[in-house]
Structure formats: C-alpha cells, structure tokens
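Participant: Structure in structure tokens, see below.
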Amino acid sequence: MHVTANSRFAIGATDFELDGRPYRILAGALHYFRVHPDLWADRIHKARLMGLNTIETYVPWNAHERHRGEWRADGALDLGRFLDLVAAEGMTAVVRPGPYICAEWDNGGLPAWLFRDPEVGIRRAEPHYLQAVTDYLRHVYEIVAPRQLDVGGPVILVQIENEYGAYGAEKAYLAELVRVTREAGITVPLTTIDQPTPQMLADGSLPGLHLTGSFGSRTAERLATLREFQPTGPLMCMEFWCGWFDDWGSHHHTTDAAASAAELDTLLAAGGSVNVYMFHGGTNFGLTSGANDKGRYAPITTSYDYDAPLDEAGHPTAKYWAFREVISRYAEVPDERPGGASPAPELTVPLRPVVSLLGAAAQLGDARAVDRMPAFDELGHYRGVVVFTTTIERGGPATLAIGDEVRDRAWILIDGTPVGVLARDAHERAITLPDARGELAIVVEDQGRVDYGTRIGEHKGLIGGVTLDGVELAGWTARPLDLERVPAVVASAAADADVDALPVPAGPFLATAALELDAPADLFLDTLHWGKGLVWVNGFLLGRYWRRGPQRTMFVPSPVTRAGRNEVVVLEFEAMAKSEIRLVASPELGHTEI
C-alpha cells in the first residue's frame with residue numbers, strides 16, 4: 001500500500017475508496033494492550049501474511065487513565081508506537097476509542113473513578129460525564145490525528161461509541177462525541193457498530209456515520225438487515241466473531257474452522273469488508289479482565305485466546321490457514337508463511353512459601369481506620385485486594401453476614417486461621433463462625449468489573465456493611481494492597497529467612513521460586529495443582545489463575561523472561577495440592593464441553 005500526505009480515504013457509493021479506487025478492508029482485531037509491546041511487530045506481520053491489509057484496535061480508557069488526570073501512553077500503552085508499527089508493515093488501521101469498549105475488559109474500559117460521583121450519567125449527554133469523555137478523547141486524538149491517512153499515517157476509520165444501540169438511543173450524546181472528535185482534528189470517516197437488528201441499528205446510529213455490524217453467523221441475512229439501514233456505501237462486519245471468550249467455571253469456547261471460513265467466504269463474496277474479531281486475542285495481563293453478570297457473576301479468564309486464527313502465544317492455528325485460503329480468492333496473499341509452534345521449555349522446581357498475606361500486609365499497604373465497612377471505591381482503590389480487620393468479642397458460634405452483596409470473593413480468618421469463603425458467583429452472603437472472638441480478618445478480592453449491561457460501574461468490596469448476629473460491626477482497619485510491591489516484599493522476606501524450613505502458612509500466602517533458563521522463551525506455566533491466586537514473573541504480573549478452570553496454563557511471553565535466573569512469585573489465596581512450579585511444552589486452555 002502506497003500512502004502519501006495527499007492520500008484520501010472516503011466512503012463511496014458502493015465501496016471504501018483509497019485515492020478514488022475501491023479498497024476492501026480486510027482487518028484483524030489486535031489489541032495492543034493484550035500483547036507485550038516487544039511482540040507487537042511480530043503479530044502485525046503475521047496478520048499481513050494471512051492476507052489482511054488493516055489492523056483494528058480498541059483503546060481502553062481505564063488503562064490509560066487509571067486515576068483522573070493521570071494520563072499514560074507509554075510502554076505497553078504506547079498507542080502511537082503501535083500505529084507506527086502498523087504503518088511500517090504497510091497496513092492501514094482502524095481505531096475504536098469507545099469511550100465504552102466492552103471487549104471483556106474490566107468495566108468495559110470505563111474508569112472506575114467515574115462512578116464515585118453519583119451525578120455522573122454514563123453513556124449519555126450528562127455534563128460531568130461529557131467533560132471527562134472530552135478530556136479522554138482529546139488525549140487519544142492527540143495520538144491518532146497526526147497518524148491519519150491524509151497526513152501519511154495508517155488510520156483510515158475512527159469509531160464513535162461501541163454497540164450503543166444495545167445500551168441507549170440518545171442522539172444528542174452521539175452527536176457530542178462526533179463534535180469532540182471532529183474538533184480534535186479527526187478527518188477520516190466515522191463509523192458506528194451494532195448487532196444487525198433493526199432496533200439496535202436505529203438506536204445506535206446518526207446521519208453521517210457509517211453503520212457497520214457485529215456477527216459471526218447467518219452472514220447473508222445479517223448483511224441484508226444492515227443494507228436496509230445503510231442503503232449506500234460498503235457493507236462491513238466490524239466484528240466478525242470467529243471465536244469466543246471464556247469465563248472461570250465454564251468451558252473453553254471453540255468454533256469450527258471450516259464453518260467460520262465458510263461464513264467469511266460468504267461475507268467477502270457479497271463484496272463486504274471485514275474485521276476478524278479476534279485475529280489475535282492475547283492475554284488479560286494483570287487484573288484487567290472483566291466479567292459478565294446476567295444473574296450469575298461470571299469473571300473472564302486471564303487467557304483471551306478467543307480461539308482466534310493466531311493463538312494466545314502468537315502461533316497460526318487451523319483457522320489461520322483456512323482464513324488465508326479464503327482471503328486468497330479475493331485478494332493477493334504474500335508468499336511468505338509464518339512458522340508453527342515449537343515446544344516450550346519444560347521444567348519443575350519447588351515453590352517455597354515465604355510469608356502469610358496477613359503477615360506481609362503492613363508492607364503492602366497503608367492502614368486506614370474506618371468506622372463502617374467501606375467499598376473499595378470509597379478508598380480510591382479500584383482494582384485488586386483489600387484486607388479488612390477488626391476485633392470481635394462475641395464468643396461462641398455466630399453468623400457473619402454481608403448486607404447486600406460480596407464483590408467478589410472474601411476469605412474469612414480469625415486470628416489468622418481460615419474459617420471459610422464467601423463467593424459472589426454462588427450468591428453467598430453469610431457464614432457461621434465457630435467461635436466469634438479474636439481478630440477478624442476479611443481478605444476481599446475484586447475479580448473483575450462487569451463489562452456489559454446494567455451492572456457496569458458498580459462498586460467493589462463488601463457492599464451494605466457487615467453484621468455479626470444482626471449487629472453491624474464497626475471499628476475497621478482497611479488496608480488496600482499495592483500489588484506492585486509484592487515481588488520486592490517477597491524477595492526481602494526470602495532473604496531474611498530460611499525458606500526451605502518454613503511451613504506453608506494457613507490461609508492466603510506468598511511463595512517464590514527460581515527458574516533457570518538457557519535463553520528468553522515463551523513459557524506455559526501449569527496451575528493444575530494450585531488453588532486460586534496471582535503470579536508474577538520477574539516482577540511482571542501475569543494475571544489470575546483458578547483451579548475451577550477451564551484455563552489450566554498461563555502464558556509467559558518471552559520478553560518477560562531472561563537467560564539465567566528468573567524469579568517467580570505466587571500469591572495463593574487458598575491451598576495448593578503440590579507446591580511446585582511446573583512448565584509444560586504447550587498451552588492447555590481446558591475442556592470444550594460442559
């Protein structure tokens with residue numbers, strides 16, 4: 001693709017047009033925030049080798065601005081560098097900044113701090129919300145505007161909102177987003193996306209915005225519906241669902257490669273443009289995965305493999321080759337072919353307990369005295385873990401109860417001894433204490449904020465207060481944990497103790513191990529014998545693991561590793577059947593039926 005500062009991308013009567021010539025968008029979704037930045041170029045290159053000419057990405061507001069006014073776009077969040085790599089590969093780009101993105105991402109991309117103000121009206125023309133959104137979009141467009149096609153960059157389309165017709169129908173809100181976008185210097189065509197139902201397409205669009213659809217089956221029927229609402233111009237499936245995401249406690253979702261390829265063929269035969277969602281899913285590193293709640297809370301797994309053409313570790317799958325063959329019927333496909341996967345290093349080493357979580361809590365977070373049980377959000381702590389403690393002197397058996405809801409998992413301990421667990425996904429709110437006296441500690445974990453529907457933005461923690469036999473408990477100490485400190489705290493504790501002689505602490509604990517590698521390498525960390533927790537490798541937080549699956553292995557990208565000694569730290573909330581680190585040759589994402 002040859003682009004100059006005078007190039008122009010437009011929506012014609014029947015096609016997208018690049019410098020006046022028809023241009024079919026053959027895009028793949030590749031989220032820079034789900035891939036280690038040192039691997040961006042590799043994934044983009046493999047997209048071109050499948051026959052794609054465009055890369056599409058969301059922009060996650062809450063990753064770039066975790067606290068209001070603290071904007072970041074460096075390192076793993078360097079959207080500008082990502083788009084420059086797309087351009088270097090000779091490809092175009094589609095940017096979808098939301099502000100709401102869904103994407104199975106924590107809170108659908110909306111910052112949790114937005115919801116501390118009860119007057120904020122989310123996804124509508126409410127002044128407080130619009131001001132925050134305006135600030136956010138201006139930051140994004142400072143990056144995107146100088147990388148548009150007409151100034152020699154790769155960006156050809158920008159999306160306004162995201163599947164808004166499934167949420168609302170406020171045209172003034174969409175119009176304000178358009179105004180802010182144009183005033184920020186975005187000159188390329190603007191699009192919307194909705195599932196192709198008459199109601200959603202009508203509610204989620206505005207005159208002047210090009211409608212696109214999201215679907216993965218019944219392609220001819222969905223294109224016909226889209227054409228009713230988009231009488232002229234190119235038809236585009238902006239999210240061609242070729243796979244699906246997984247949640248903890250369910251199964252690993254897969255779709256038949258041949259069936260997906262047949263649907264893609266139908267779409268391209270009709271002259272449509274496409275964005276394969278996902279081309280490469282990647283990983284919900286850290287604590288970034290979202291959740292669904294349609295009656296049952298279902299947090300998303302760390303793996304976002306999505307059964308995509310390029311798997312979580314960046315290797316072509318059967319779907320990659322099937323899609324490449326279909327695309328070759330409609331466009332030129334490079335002769336170069338990406339190589340396949342080779343076995344990852346295998347290794348087993350002991351995992352040594354170092355200190356209990358309660359024992360390390362003072363080093364991981366500052367104590368705050370509070371009378372009533374606060375939500376995480378009231379503490380300005382939007383993601384992770386909080387330890388709450390108080391003293392009880394009731395004596396004898398008693399019932400500990402949460403007023404409204406546990407969000408999302410709470411471990412109950414008395415004088416450091418585990419008593420039990422309260423889990424949101426099981427709708428649990430009460431537990432019997434055998435002897436209600438001593439220091440009561442409640443370790444509360446946020447497992448991911450809901451990313452779709454009416455429960456977006458809800459606060460985390462023990463909602464509605466805590467009672468003992470119906471009497472509200474007061475006089476709490478709240479300690480929000482800074483998980484970034486964990487590797488250093490564990491290293492210090494291990495240096496001060498003979499870890500080989502330490503017993504496994506009761507309740508949540510921190511453990512460490514060292515892996516010796518000949519060279520940096522992609523790794524697959526087997527968590528089969530562990531309970532529930534978090535893992536760091538060389539200070540990099542991989543994400544969550546959980547015995548309930550389906551995900552059994554955690555992907556460790558090679559840039560996180562190094563030749564020689566590699567430090568692994570584990571925060572285990574419950575118990576391990578085997579205290580060991582086990583590296584396996586290939587990923588295991590779990591059973592495919594339930």
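In the structure tokens, chains take the letters A, B, ... in the order shown, each chain's residues start at 1, and ligands count up from 1 in the order shown.
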Fewer than 3 positions away in the same chain doesn't count, so skip those; otherwise give me all residues within 9 Å of Asn566 (chain A), counting only C-alpha atoms, as an mmCIF file with N, CA and C atoms, in the first residue's frame.
Facilitator:
```cif
data_model
loop_
_atom_site.group_PDB
_atom_site.id
_atom_site.type_symbol
_atom_site.label_atom_id
_atom_site.label_comp_id
_atom_site.auth_asym_id
_atom_site.auth_seq_id
_atom_site.Cartn_x
_atom_site.Cartn_y
_atom_site.Cartn_z
ATOM 1 N N ALA A 513 9.889 -18.947 43.754
ATOM 2 C CA ALA A 513 10.705 -19.987 43.127
ATOM 3 C C ALA A 513 11.611 -19.324 42.111
ATOM 4 N N ALA A 514 12.659 -20.040 41.704
ATOM 5 C CA ALA A 514 13.571 -19.548 40.681
ATOM 6 C C ALA A 514 13.608 -20.536 39.526
ATOM 7 N N LEU A 515 13.491 -20.006 38.307
ATOM 8 C CA LEU A 515 13.593 -20.822 37.104
ATOM 9 C C LEU A 515 14.889 -20.486 36.390
ATOM 10 N N GLU A 516 15.659 -21.490 36.029
ATOM 11 C CA GLU A 516 16.883 -21.289 35.262
ATOM 12 C C GLU A 516 16.594 -21.601 33.790
ATOM 13 N N LEU A 517 16.791 -20.603 32.929
ATOM 14 C CA LEU A 517 16.543 -20.766 31.504
ATOM 15 C C LEU A 517 17.821 -20.547 30.718
ATOM 16 N N VAL A 537 6.203 -12.985 37.154
ATOM 17 C CA VAL A 537 7.479 -13.495 36.655
ATOM 18 C C VAL A 537 8.396 -12.304 36.429
ATOM 19 N N ASN A 538 9.494 -12.282 37.145
ATOM 20 C CA ASN A 538 10.441 -11.166 37.079
ATOM 21 C C ASN A 538 9.747 -9.824 37.284
ATOM 22 N N THR A 561 10.938 -12.895 30.212
ATOM 23 C CA THR A 561 11.928 -13.838 30.733
ATOM 24 C C THR A 561 13.348 -13.403 30.359
ATOM 25 N N ARG A 562 14.335 -14.138 30.859
ATOM 26 C CA ARG A 562 15.731 -13.825 30.559
ATOM 27 C C ARG A 562 16.569 -15.095 30.702
ATOM 28 N N ALA A 563 17.738 -15.079 30.109
ATOM 29 C CA ALA A 563 18.681 -16.180 30.297
ATOM 30 C C ALA A 563 19.171 -16.167 31.741
#
```
Participant: Which neighbours of Trp61 (chain A) fall inside 7 Å, counting only C-alpha atoms, when residues of the same chain fewer than 6 positions from it are skipped, and could you give them as a list of chain:residue names?
Facilitator: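 Counting only C-alpha atoms, the residues come to A:Pro99, A:Gly109, A:Leu110, A:Pro111.
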Participant: From a backbone DSSP assignment, name each residue in region 252-485 of chain A labelled alpha helix (DSSP H), as a VMD selection string.
Facilitator: chain A and resid 257 to 269 318 to 328 357 to 364
Participant: Which neighbours of Val180 (chain A) fall inside 12 Å, counting only C-alpha atoms, when residues of the same chain fewer than 2 positions from it are skipped, and could you give them as a compact mmCIF listing (two decimals) with C-alpha atoms, in the first residue's frame?
Facilitator:
```txt
# COMPACT_ATOMS: atom_id res chain seq x y z
CA LEU A 130 -19.14 14.54 28.85
CA GLN A 131 -16.35 16.62 30.37
CA ALA A 132 -14.45 13.52 31.40
CA VAL A 133 -15.04 11.90 28.00
CA THR A 134 -13.95 15.05 26.19
CA ASP A 135 -10.67 15.13 28.11
CA TYR A 136 -10.11 11.45 27.35
CA LEU A 137 -10.87 11.69 23.62
CA ARG A 138 -8.62 14.72 23.22
CA HIS A 139 -5.75 12.69 24.65
CA VAL A 140 -6.48 9.81 22.27
CA TYR A 141 -6.83 12.06 19.25
CA ILE A 160 -17.95 6.58 17.58
CA TYR A 173 -24.84 12.06 23.16
CA LEU A 174 -23.62 10.56 19.89
CA ALA A 175 -23.66 14.00 18.27
CA GLU A 176 -21.48 15.39 21.06
CA LEU A 177 -18.95 12.58 20.56
CA VAL A 178 -18.86 13.43 16.86
CA ARG A 182 -14.02 16.45 14.61
CA GLU A 183 -12.82 19.38 16.71
CA ALA A 184 -9.84 17.28 17.78
CA GLY A 185 -8.73 17.04 14.17
CA ILE A 186 -10.11 13.68 13.09
CA THR A 187 -10.90 13.97 9.38
```
Participant: List as a list in words the protein and nucleic acid residues near region 191-203 of chain A, meaning an atom at most 7 Å away when only C-alpha atoms are counted, but skip any in the same chain fewer than 5 places from it.
Facilitator: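 Residues near the query, excluding close chain neighbours: Val158, Gln159, Ile160, Glu161, Asn162, Glu163, Tyr164, Gly165, Ala166, Gly168, Ala169, Leu209, His210, Leu211, Thr212, Gly213, Ser214, Phe215, Arg222, Thr225, Leu226 and Met238 of chain A.
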